[in-house]
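Structure file start37.txt (compact mmCIF, N, CA and C atoms) follows.
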# COMPACT_ATOMS: atom_id res chain seq x y z
N GLY A 1 99.36 100.73 82.86
CA GLY A 1 99.75 100.71 84.25
C GLY A 1 99.17 101.90 84.98
N ALA A 2 99.16 101.81 86.25
CA ALA A 2 98.66 102.88 87.10
C ALA A 2 99.80 103.79 87.53
N THR A 3 99.48 105.06 87.72
CA THR A 3 100.49 106.03 88.14
C THR A 3 100.55 106.16 89.66
N ALA A 4 99.59 105.56 90.35
CA ALA A 4 99.53 105.62 91.81
C ALA A 4 98.71 104.44 92.31
N ILE A 5 98.83 104.16 93.59
CA ILE A 5 97.99 103.15 94.23
C ILE A 5 97.08 103.90 95.19
N THR A 6 95.79 103.83 94.94
CA THR A 6 94.82 104.54 95.76
C THR A 6 94.27 103.64 96.86
N GLU A 7 93.67 104.26 97.86
CA GLU A 7 93.02 103.48 98.92
C GLU A 7 91.92 102.61 98.33
N ASN A 8 91.20 103.14 97.35
CA ASN A 8 90.14 102.36 96.71
C ASN A 8 90.70 101.13 96.00
N MET A 9 91.87 101.24 95.44
CA MET A 9 92.50 100.09 94.79
C MET A 9 92.87 99.03 95.82
N LYS A 10 93.36 99.46 96.97
CA LYS A 10 93.69 98.52 98.05
C LYS A 10 92.43 97.81 98.53
N LEU A 11 91.35 98.56 98.67
CA LEU A 11 90.08 97.97 99.10
C LEU A 11 89.55 97.00 98.05
N ALA A 12 89.71 97.33 96.78
CA ALA A 12 89.28 96.44 95.71
C ALA A 12 90.05 95.12 95.77
N ALA A 13 91.34 95.20 96.05
CA ALA A 13 92.15 93.98 96.18
C ALA A 13 91.67 93.14 97.36
N ALA A 14 91.43 93.80 98.48
CA ALA A 14 90.96 93.08 99.67
C ALA A 14 89.61 92.42 99.42
N ASP A 15 88.72 93.14 98.76
CA ASP A 15 87.39 92.58 98.44
C ASP A 15 87.51 91.37 97.52
N ALA A 16 88.39 91.45 96.54
CA ALA A 16 88.57 90.34 95.60
C ALA A 16 89.10 89.10 96.33
N ILE A 17 90.02 89.32 97.26
CA ILE A 17 90.55 88.20 98.04
C ILE A 17 89.45 87.61 98.92
N ALA A 18 88.68 88.47 99.56
CA ALA A 18 87.60 88.00 100.43
C ALA A 18 86.56 87.20 99.65
N GLU A 19 86.28 87.62 98.42
CA GLU A 19 85.31 86.89 97.60
C GLU A 19 85.79 85.48 97.28
N LYS A 20 87.09 85.27 97.22
CA LYS A 20 87.62 83.95 96.92
C LYS A 20 87.47 82.99 98.10
N VAL A 21 87.32 83.51 99.31
CA VAL A 21 87.10 82.66 100.48
C VAL A 21 85.66 82.18 100.48
N GLY A 22 84.74 83.09 100.20
CA GLY A 22 83.33 82.76 100.06
C GLY A 22 82.72 82.06 101.25
N ASP A 23 81.99 80.99 100.99
CA ASP A 23 81.25 80.27 102.03
C ASP A 23 82.16 79.50 102.98
N GLU A 24 83.42 79.38 102.65
CA GLU A 24 84.36 78.64 103.49
C GLU A 24 84.89 79.49 104.64
N LEU A 25 84.45 80.73 104.75
CA LEU A 25 84.94 81.65 105.78
C LEU A 25 84.69 81.09 107.18
N SER A 26 85.74 81.07 107.99
CA SER A 26 85.64 80.66 109.39
C SER A 26 86.83 81.27 110.13
N ALA A 27 86.89 81.07 111.42
CA ALA A 27 87.99 81.60 112.21
C ALA A 27 89.33 81.04 111.75
N GLU A 28 89.32 79.82 111.24
CA GLU A 28 90.55 79.18 110.78
C GLU A 28 90.82 79.42 109.29
N HIS A 29 89.84 79.94 108.59
CA HIS A 29 89.98 80.10 107.13
C HIS A 29 89.52 81.50 106.73
N ILE A 30 90.44 82.47 106.81
CA ILE A 30 90.06 83.85 106.48
C ILE A 30 90.66 84.35 105.18
N VAL A 31 91.59 83.58 104.61
CA VAL A 31 92.16 83.91 103.31
C VAL A 31 92.13 82.66 102.43
N PRO A 32 92.12 82.83 101.11
CA PRO A 32 92.12 81.66 100.24
C PRO A 32 93.46 80.93 100.32
N PRO A 33 93.50 79.67 99.91
CA PRO A 33 94.76 78.93 99.92
C PRO A 33 95.83 79.64 99.08
N ALA A 34 97.06 79.56 99.53
CA ALA A 34 98.17 80.24 98.85
C ALA A 34 98.35 79.74 97.41
N LEU A 35 97.99 78.52 97.14
CA LEU A 35 98.20 77.96 95.80
C LEU A 35 96.98 78.07 94.90
N ASP A 36 95.97 78.79 95.34
CA ASP A 36 94.76 78.98 94.52
C ASP A 36 95.10 79.92 93.37
N ARG A 37 95.17 79.38 92.18
CA ARG A 37 95.60 80.15 91.00
C ARG A 37 94.55 81.14 90.51
N SER A 38 93.37 81.12 91.07
CA SER A 38 92.33 82.05 90.64
C SER A 38 92.40 83.39 91.37
N VAL A 39 93.19 83.45 92.44
CA VAL A 39 93.24 84.66 93.26
C VAL A 39 93.93 85.82 92.53
N ALA A 40 95.12 85.60 92.03
CA ALA A 40 95.88 86.69 91.39
C ALA A 40 95.13 87.34 90.23
N PRO A 41 94.55 86.56 89.31
CA PRO A 41 93.80 87.20 88.22
C PRO A 41 92.59 87.99 88.72
N ALA A 42 91.92 87.48 89.75
CA ALA A 42 90.76 88.18 90.30
C ALA A 42 91.17 89.51 90.93
N VAL A 43 92.27 89.48 91.67
CA VAL A 43 92.77 90.71 92.30
C VAL A 43 93.23 91.69 91.23
N ALA A 44 93.96 91.22 90.24
CA ALA A 44 94.45 92.09 89.17
C ALA A 44 93.30 92.78 88.45
N ALA A 45 92.26 92.02 88.13
CA ALA A 45 91.11 92.60 87.42
C ALA A 45 90.40 93.64 88.28
N ALA A 46 90.21 93.33 89.55
CA ALA A 46 89.52 94.26 90.44
C ALA A 46 90.31 95.56 90.62
N VAL A 47 91.61 95.42 90.79
CA VAL A 47 92.47 96.61 90.98
C VAL A 47 92.52 97.44 89.70
N ALA A 48 92.61 96.79 88.55
CA ALA A 48 92.65 97.52 87.28
C ALA A 48 91.35 98.30 87.06
N LYS A 49 90.22 97.67 87.33
CA LYS A 49 88.94 98.37 87.19
C LYS A 49 88.87 99.59 88.10
N GLN A 50 89.35 99.41 89.34
CA GLN A 50 89.30 100.52 90.28
C GLN A 50 90.26 101.63 89.86
N ALA A 51 91.41 101.27 89.33
CA ALA A 51 92.37 102.27 88.85
C ALA A 51 91.74 103.12 87.75
N LEU A 52 90.99 102.48 86.87
CA LEU A 52 90.28 103.23 85.82
C LEU A 52 89.27 104.19 86.44
N ARG A 53 88.50 103.69 87.41
CA ARG A 53 87.50 104.54 88.08
C ARG A 53 88.16 105.72 88.79
N ASP A 54 89.33 105.46 89.37
CA ASP A 54 90.02 106.51 90.13
C ASP A 54 90.84 107.45 89.24
N GLY A 55 90.93 107.14 87.96
CA GLY A 55 91.64 108.02 87.03
C GLY A 55 93.14 108.03 87.17
N VAL A 56 93.72 106.89 87.57
CA VAL A 56 95.17 106.84 87.75
C VAL A 56 95.85 105.92 86.74
N CYS A 57 95.18 105.65 85.62
CA CYS A 57 95.77 104.82 84.56
C CYS A 57 96.48 105.70 83.55
N ARG A 58 97.56 105.19 82.99
CA ARG A 58 98.28 105.92 81.94
C ARG A 58 97.56 105.78 80.64

Could you write out this structure as structure tokens?
Amino acid sequence: GATAITENMKLAAADAIAEKVGDELSAEHIVPPALDRSVAPAVAAAVAKQALRDGVCR
């Protein structure tokens, strides 16, 4: 687990969410569907990697 939440971790989460929208991005579609089961694992992986880079992992 992480000992803190850094700004870089927040940005990593946002980037991971944005990547899930991909080519479907439009004024009406700026976030992935709420039931898209691939979002949470993608965000978790991105945030975990960034936490390691930021040195806030136990």

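The space between atom N of A:Glu28 and atom CA of A:Val43 spans 22.1 Å.
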
Next on the checklist: If DSSP is run on the backbone, what residues of chain A are alpha helix (DSSP H)? A reply as JSON, numbers by chain would be ideal.
Outcome noted: {"A": [7, 8, 9, 10, 11, 12, 13, 14, 15, 16, 17, 18, 19, 20, 21, 39, 40, 41, 42, 43, 44, 45, 46, 47, 48, 49, 50, 51, 52, 53, 54]}

Checklist entry - With only C-alpha atoms as the atoms that count, which of A:Val21, A:Val56, A:Ala51, A:Ala34 lies nearest to A:Met9? => result A:Ala51

Neighbour list for A:Ile30 as a PDB file with N, CA and C atoms, in the coordinates of the input, cut-off 9 Å, only C-alpha atoms, skip fewer than 5 positions in-chain:
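Final output, saved to result.pdb:
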ATOM      1  N   ALA A  18      88.680  88.470  99.560  1.00  0.00           N
ATOM      2  CA  ALA A  18      87.600  88.000 100.430  1.00  0.00           C
ATOM      3  C   ALA A  18      86.560  87.200  99.650  1.00  0.00           C
ATOM      4  N   VAL A  21      87.320  83.510  99.310  1.00  0.00           N
ATOM      5  CA  VAL A  21      87.100  82.660 100.480  1.00  0.00           C
ATOM      6  C   VAL A  21      85.660  82.180 100.480  1.00  0.00           C
ATOM      7  N   GLU A  24      83.420  79.380 102.650  1.00  0.00           N
ATOM      8  CA  GLU A  24      84.360  78.640 103.490  1.00  0.00           C
ATOM      9  C   GLU A  24      84.890  79.490 104.640  1.00  0.00           C
ATOM     10  N   LEU A  25      84.450  80.730 104.750  1.00  0.00           N
ATOM     11  CA  LEU A  25      84.940  81.650 105.780  1.00  0.00           C
ATOM     12  C   LEU A  25      84.690  81.090 107.180  1.00  0.00           C
TER      13      LEU A  25
END

Next on the checklist: Which of chain A end up as strand (DSSP E or B) when DSSP is run on this backbone - answer as a ChimeraX atom specification?
Outcome noted: /A:2,26,29,57

Taking the point (93.7, 97.9, 90.1) as given in the file, collect each protein or nucleic acid residue that comes within 8 Å of it, counting only N, CA and C atoms, and present the set as a PDB file with N, CA and C atoms, in the coordinates of the input.
ATOM      1  N   ALA A   2      99.160 101.810  86.250  1.00  0.00           N
ATOM      2  CA  ALA A   2      98.660 102.880  87.100  1.00  0.00           C
ATOM      3  C   ALA A   2      99.800 103.790  87.530  1.00  0.00           C
ATOM      4  N   ILE A   5      98.830 104.160  93.590  1.00  0.00           N
ATOM      5  CA  ILE A   5      97.990 103.150  94.230  1.00  0.00           C
ATOM      6  C   ILE A   5      97.080 103.900  95.190  1.00  0.00           C
ATOM      7  N   THR A   6      95.790 103.830  94.940  1.00  0.00           N
ATOM      8  CA  THR A   6      94.820 104.540  95.760  1.00  0.00           C
ATOM      9  C   THR A   6      94.270 103.640  96.860  1.00  0.00           C
ATOM     10  N   ASN A   8      91.200 103.140  97.350  1.00  0.00           N
ATOM     11  CA  ASN A   8      90.140 102.360  96.710  1.00  0.00           C
ATOM     12  C   ASN A   8      90.700 101.130  96.000  1.00  0.00           C
ATOM     13  N   MET A   9      91.870 101.240  95.440  1.00  0.00           N
ATOM     14  CA  MET A   9      92.500 100.090  94.790  1.00  0.00           C
ATOM     15  C   MET A   9      92.870  99.030  95.820  1.00  0.00           C
ATOM     16  N   LYS A  10      93.360  99.460  96.970  1.00  0.00           N
ATOM     17  CA  LYS A  10      93.690  98.520  98.050  1.00  0.00           C
ATOM     18  C   LYS A  10      92.430  97.810  98.530  1.00  0.00           C
ATOM     19  N   ALA A  12      89.710  97.330  96.780  1.00  0.00           N
ATOM     20  CA  ALA A  12      89.280  96.440  95.710  1.00  0.00           C
ATOM     21  C   ALA A  12      90.050  95.120  95.770  1.00  0.00           C
ATOM     22  N   ALA A  13      91.340  95.200  96.050  1.00  0.00           N
ATOM     23  CA  ALA A  13      92.150  93.980  96.180  1.00  0.00           C
ATOM     24  C   ALA A  13      91.670  93.140  97.360  1.00  0.00           C
ATOM     25  N   VAL A  43      92.270  89.480  91.670  1.00  0.00           N
ATOM     26  CA  VAL A  43      92.770  90.710  92.300  1.00  0.00           C
ATOM     27  C   VAL A  43      93.230  91.690  91.230  1.00  0.00           C
ATOM     28  N   ALA A  44      93.960  91.220  90.240  1.00  0.00           N
ATOM     29  CA  ALA A  44      94.450  92.090  89.170  1.00  0.00           C
ATOM     30  C   ALA A  44      93.300  92.780  88.450  1.00  0.00           C
ATOM     31  N   ALA A  45      92.260  92.020  88.130  1.00  0.00           N
ATOM     32  CA  ALA A  45      91.110  92.600  87.420  1.00  0.00           C
ATOM     33  C   ALA A  45      90.400  93.640  88.280  1.00  0.00           C
ATOM     34  N   ALA A  46      90.210  93.330  89.550  1.00  0.00           N
ATOM     35  CA  ALA A  46      89.520  94.260  90.440  1.00  0.00           C
ATOM     36  C   ALA A  46      90.310  95.560  90.620  1.00  0.00           C
ATOM     37  N   VAL A  47      91.610  95.420  90.790  1.00  0.00           N
ATOM     38  CA  VAL A  47      92.470  96.610  90.980  1.00  0.00           C
ATOM     39  C   VAL A  47      92.520  97.440  89.700  1.00  0.00           C
ATOM     40  N   ALA A  48      92.610  96.790  88.550  1.00  0.00           N
ATOM     41  CA  ALA A  48      92.650  97.520  87.280  1.00  0.00           C
ATOM     42  C   ALA A  48      91.350  98.300  87.060  1.00  0.00           C
ATOM     43  N   LYS A  49      90.220  97.670  87.330  1.00  0.00           N
ATOM     44  CA  LYS A  49      88.940  98.370  87.190  1.00  0.00           C
ATOM     45  C   LYS A  49      88.870  99.590  88.100  1.00  0.00           C
ATOM     46  N   GLN A  50      89.350  99.410  89.340  1.00  0.00           N
ATOM     47  CA  GLN A  50      89.300 100.520  90.280  1.00  0.00           C
ATOM     48  C   GLN A  50      90.260 101.630  89.860  1.00  0.00           C
ATOM     49  N   ALA A  51      91.410 101.270  89.330  1.00  0.00           N
ATOM     50  CA  ALA A  51      92.370 102.270  88.850  1.00  0.00           C
ATOM     51  C   ALA A  51      91.740 103.120  87.750  1.00  0.00           C
ATOM     52  N   LEU A  52      90.990 102.480  86.870  1.00  0.00           N
ATOM     53  CA  LEU A  52      90.280 103.230  85.820  1.00  0.00           C
ATOM     54  C   LEU A  52      89.270 104.190  86.440  1.00  0.00           C
TER      55      LEU A  52
END

Checklist entry - Which residues, written as a PyMOL selection string, have at least one atom at most 7 Å from A:Ile17, with all atoms listed in the file counted and residues fewer than 5 positions away on the same chain left out? => result chain A and resi 12+22+31-32+39+42-43

Save the residues we just selected, N, CA and C atoms, as a PDB file, keeping the file's coordinate frame?
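Output (part.pdb):
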ATOM      1  N   ALA A  12      89.710  97.330  96.780  1.00  0.00           N
ATOM      2  CA  ALA A  12      89.280  96.440  95.710  1.00  0.00           C
ATOM      3  C   ALA A  12      90.050  95.120  95.770  1.00  0.00           C
ATOM      4  N   GLY A  22      84.740  83.090 100.200  1.00  0.00           N
ATOM      5  CA  GLY A  22      83.330  82.760 100.060  1.00  0.00           C
ATOM      6  C   GLY A  22      82.720  82.060 101.250  1.00  0.00           C
ATOM      7  N   VAL A  31      91.590  83.580 104.610  1.00  0.00           N
ATOM      8  CA  VAL A  31      92.160  83.910 103.310  1.00  0.00           C
ATOM      9  C   VAL A  31      92.130  82.660 102.430  1.00  0.00           C
ATOM     10  N   PRO A  32      92.120  82.830 101.110  1.00  0.00           N
ATOM     11  CA  PRO A  32      92.120  81.660 100.240  1.00  0.00           C
ATOM     12  C   PRO A  32      93.460  80.930 100.320  1.00  0.00           C
ATOM     13  N   VAL A  39      93.190  83.450  92.440  1.00  0.00           N
ATOM     14  CA  VAL A  39      93.240  84.660  93.260  1.00  0.00           C
ATOM     15  C   VAL A  39      93.930  85.820  92.530  1.00  0.00           C
ATOM     16  N   ALA A  42      91.920  87.480  89.750  1.00  0.00           N
ATOM     17  CA  ALA A  42      90.760  88.180  90.300  1.00  0.00           C
ATOM     18  C   ALA A  42      91.170  89.510  90.930  1.00  0.00           C
ATOM     19  N   VAL A  43      92.270  89.480  91.670  1.00  0.00           N
ATOM     20  CA  VAL A  43      92.770  90.710  92.300  1.00  0.00           C
ATOM     21  C   VAL A  43      93.230  91.690  91.230  1.00  0.00           C
TER      22      VAL A  43
END

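For the pair atom CA of A:Gly1 and atom CA of A:Cys57, the separation is 5.7 Å.
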
Centre, edges in Å (one decimal): axis-aligned box, stretch 39-57 of chain A, 8 Å padding on all six sides, as AutoDock Vina command-line options:
--center_x 92.0 --center_y 95.7 --center_z 88.4 --size_x 25.0 --size_y 40.6 --size_z 25.7

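Atom C of A:Pro33 to atom C of A:Ala4 spans 25.9 Å [interatomic distance, one decimal].
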